[in-house]
Amino acid sequence: ICATSSPDDMFGDATSIAAGLGATNAFAYDLTAACSGFLFGTVTAGQFLHCGSIKNAIVVGADALSRWVDWEDRNSCILFGDGAGAMVLTNTPDTTENSITNGECLPGILGYAAHSNGKGYNDLKCAYEGTGQIVATPGEGTTVSKGSYQRMSMNGREVYKFATREVPTVLKEALDAAGLTVDDVDWLLLHQANIRIMETVANRLGMPMEKVITNLSDYGNTSAASIPLALDEAVRKGQVKKGDIIACAGFGAGLSWGSAIIRWD
């Protein structure tokens, strides 16, 4: 599953990524949910694995928003970066049956929650903007739309209020679904949008910033890539260890938001 809002191919990048890995028999497709994309893709892959019909899944988060930002708008263009990250999920017999065995959480997705509300669509978007083109047909011809997109636009104040309101709530929903509490969480991993959002969410959950994984200052907001990029660095640095409980949340255009509680293996 390739989570992206800026594909190289409008028809989708997932199949070419799979082919590049040699997985020419894989079931591959793109998923578009902007900054929530990797989280939604992870939950989707987890559902396929839980059914037992698929053994392994790769979830990719990749975006190149430099293609679509308005470089004349300093309020938004300085916030975004380009990046890609991926995570492998594997189906094991135990995880298809139950997330808890002998009182211990097994590795994998322990619980999740996800939402969207299109009433906030205009607060963060990259909308279609076609121009008229006349095609020769009998009579006066036919006007069709020649495709292009506007520059990305964002109402930062409204997005901030939305994120700080909804993200703590959806994290608690996912924790409830997992049968866990905030006290059980080792790491909080949020979409890397804004450090103030991360600070506010952590504060409302009662978690110290020492438990928040962040690399925002290095790469900016890389949309669907931000969660896997930050997770990869935390694993490589030895922060995240086998058995750790990670509370993840993605949020962004749509407006959309969701959370998954993961035990790392």
# chains A, B, ... in the order shown; residues from 1 in each chain; ligands from 1
$ select_by_dssp --residues "range 1-169 of chain A" --states "alpha helix (DSSP H)" --output "NGL selection string"
:A and (14-20 or 37-51 or 74-77 or 93-97 or 156-169)
$ closest_atom_pairs --of "range 81-171 of chain A" --to "range 252-265 of chain A" --cutoff "8 Å" --atoms "only C-alpha atoms" --output "CSV"
residue,atom,partner,partner_atom,distance
A:Cys105,CA,A:Arg263,CA,7.4
A:Leu106,CA,A:Arg263,CA,7.0
A:Pro107,CA,A:Arg263,CA,4.7
A:Gly108,CA,A:Arg263,CA,5.2
A:Ile109,CA,A:Ile262,CA,4.6
A:Leu110,CA,A:Ile261,CA,5.4
A:Gly111,CA,A:Ile261,CA,5.3
A:Tyr112,CA,A:Ala260,CA,4.2
A:Ala113,CA,A:Ser259,CA,5.4
A:Ala114,CA,A:Gly258,CA,3.9
A:His115,CA,A:Trp257,CA,5.4
A:Ser116,CA,A:Ser256,CA,4.1
A:Asn117,CA,A:Leu255,CA,5.3
A:Gly118,CA,A:Gly254,CA,5.6
A:Lys119,CA,A:Leu255,CA,7.5
A:Gly120,CA,A:Leu255,CA,5.3
A:Tyr121,CA,A:Gly254,CA,4.9
A:Asp123,CA,A:Ala253,CA,7.6
A:Leu124,CA,A:Ala253,CA,5.1
A:Lys125,CA,A:Ala253,CA,6.2
A:Val159,CA,A:Gly252,CA,7.7
A:Ala163,CA,A:Gly252,CA,8.0
A:Glu166,CA,A:Trp257,CA,7.6
A:Val167,CA,A:Trp257,CA,7.1
A:Val170,CA,A:Ser259,CA,6.0
A:Leu171,CA,A:Ser259,CA,5.5
$ residues_around --residues "Tyr219 in chain A" --least-positions-apart "6" --cutoff "8 Å" --atoms "only C-alpha atoms" --output "PyMOL selection string"
chain A and resi 80-82
$ closest_residue --among "A:Ser53, A:Gln192, A:Gln150, A:Thr32" --to "Ser223 in chain A" --atoms "only C-alpha atoms"
A:Gln192
$ closest_atom_pairs --of "range 154-202 of chain A" --to "range 228-251 of chain A" --cutoff "6 Å" --atoms "only C-alpha atoms" --output "CSV"
residue,atom,partner,partner_atom,distance
A:Val185,CA,A:Ile245,CA,5.2
A:Asp186,CA,A:Ile245,CA,5.2
A:Trp187,CA,A:Ile246,CA,4.8
A:Leu188,CA,A:Ala247,CA,5.0
A:Leu189,CA,A:Cys248,CA,4.7
A:Leu190,CA,A:Ala249,CA,4.9
A:His191,CA,A:Gly250,CA,4.9
$ write_last_selection --atoms "C-alpha atoms" --output "PDB file, in the first residue's frame"
ATOM      1  CA  VAL A 185       2.354   3.835  26.378  1.00  0.00           C
ATOM      2  CA  ASP A 186       6.131   3.924  25.944  1.00  0.00           C
ATOM      3  CA  TRP A 187       6.211   6.340  22.980  1.00  0.00           C
ATOM      4  CA  LEU A 188       3.900   8.875  21.402  1.00  0.00           C
ATOM      5  CA  LEU A 189       4.412   9.143  17.633  1.00  0.00           C
ATOM      6  CA  LEU A 190       2.394  11.846  15.889  1.00  0.00           C
ATOM      7  CA  HIS A 191       2.341  13.105  12.343  1.00  0.00           C
TER       8      HIS A 191
END
$ residues_around --residues "range 220-222 of chain A" --least-positions-apart "2" --cutoff "7 Å" --atoms "only C-alpha atoms" --output "list of chain:residue names"
A:Asp63, A:Leu79, A:Phe80, A:Gly81, A:Asp82, A:Gly83, A:Gln192, A:Ala193, A:Leu216, A:Ser217, A:Asp218, A:Ala224, A:Ala225, A:Ser226
$ write_last_selection --atoms "N, CA and C atoms" --output "mmCIF file, in the first residue's frame"
data_model
loop_
_atom_site.group_PDB
_atom_site.id
_atom_site.type_symbol
_atom_site.label_atom_id
_atom_site.label_comp_id
_atom_site.auth_asym_id
_atom_site.auth_seq_id
_atom_site.Cartn_x
_atom_site.Cartn_y
_atom_site.Cartn_z
ATOM 1 N N ASP A 63 5.721 11.367 0.025
ATOM 2 C CA ASP A 63 5.163 12.595 -0.522
ATOM 3 C C ASP A 63 6.258 13.568 -0.921
ATOM 4 N N LEU A 79 7.054 25.156 5.778
ATOM 5 C CA LEU A 79 6.692 24.107 6.725
ATOM 6 C C LEU A 79 6.903 22.703 6.183
ATOM 7 N N PHE A 80 6.984 22.561 4.855
ATOM 8 C CA PHE A 80 6.880 21.234 4.254
ATOM 9 C C PHE A 80 8.202 20.734 3.690
ATOM 10 N N GLY A 81 8.329 19.397 3.684
ATOM 11 C CA GLY A 81 9.496 18.738 3.120
ATOM 12 C C GLY A 81 9.069 17.535 2.310
ATOM 13 N N ASP A 82 10.018 16.930 1.609
ATOM 14 C CA ASP A 82 9.771 15.727 0.802
ATOM 15 C C ASP A 82 10.412 14.527 1.491
ATOM 16 N N GLY A 83 9.754 13.388 1.432
ATOM 17 C CA GLY A 83 10.355 12.209 2.055
ATOM 18 C C GLY A 83 9.555 10.955 1.780
ATOM 19 N N GLN A 192 4.256 14.549 11.969
ATOM 20 C CA GLN A 192 5.183 15.645 12.274
ATOM 21 C C GLN A 192 4.759 16.937 11.564
ATOM 22 N N ALA A 193 3.720 17.551 12.085
ATOM 23 C CA ALA A 193 3.164 18.743 11.449
ATOM 24 C C ALA A 193 3.638 20.029 12.096
ATOM 25 N N LEU A 216 10.836 16.657 13.419
ATOM 26 C CA LEU A 216 10.263 17.755 12.641
ATOM 27 C C LEU A 216 11.302 18.809 12.284
ATOM 28 N N SER A 217 12.202 19.106 13.205
ATOM 29 C CA SER A 217 13.181 20.169 12.973
ATOM 30 C C SER A 217 14.172 19.825 11.865
ATOM 31 N N ASP A 218 14.290 18.534 11.544
ATOM 32 C CA ASP A 218 15.229 18.109 10.507
ATOM 33 C C ASP A 218 14.612 18.106 9.112
ATOM 34 N N ALA A 224 2.544 12.081 4.385
ATOM 35 C CA ALA A 224 2.411 10.653 4.668
ATOM 36 C C ALA A 224 3.726 9.997 5.080
ATOM 37 N N ALA A 225 4.853 10.643 4.788
ATOM 38 C CA ALA A 225 6.155 10.059 5.122
ATOM 39 C C ALA A 225 6.578 10.329 6.556
ATOM 40 N N SER A 226 5.925 11.237 7.243
ATOM 41 C CA SER A 226 6.476 11.725 8.511
ATOM 42 C C SER A 226 6.514 10.664 9.603
#
$ residues_around --residues "Val182 in chain A" --least-positions-apart "4" --cutoff "8 Å" --atoms "only C-alpha atoms" --output "number ranges by chain"
A: 172, 175, 205-207
$ select_by_dssp --residues "range 63-248 of chain A" --states "strand (DSSP E)" --output "PyMOL selection string"
chain A and resi 63-64+82-90+100-101+104-105+108-116+124-125+131-135+142-146+153-154+187-190+212-213+245-248
$ atom_distance --atom1 "CA of Glu129 in chain A" --atom2 "CA of Ser145 in chain A"
8.8 Å
$ atom_distance --atom1 "CA of Thr181 in chain A" --atom2 "CA of Ala202 in chain A"
13.8 Å
$ closest_residue --among "A:Ser5, A:Gln47, A:Ser153, A:Thr137" --to "Cys77 in chain A" --atoms "only C-alpha atoms"
A:Ser153
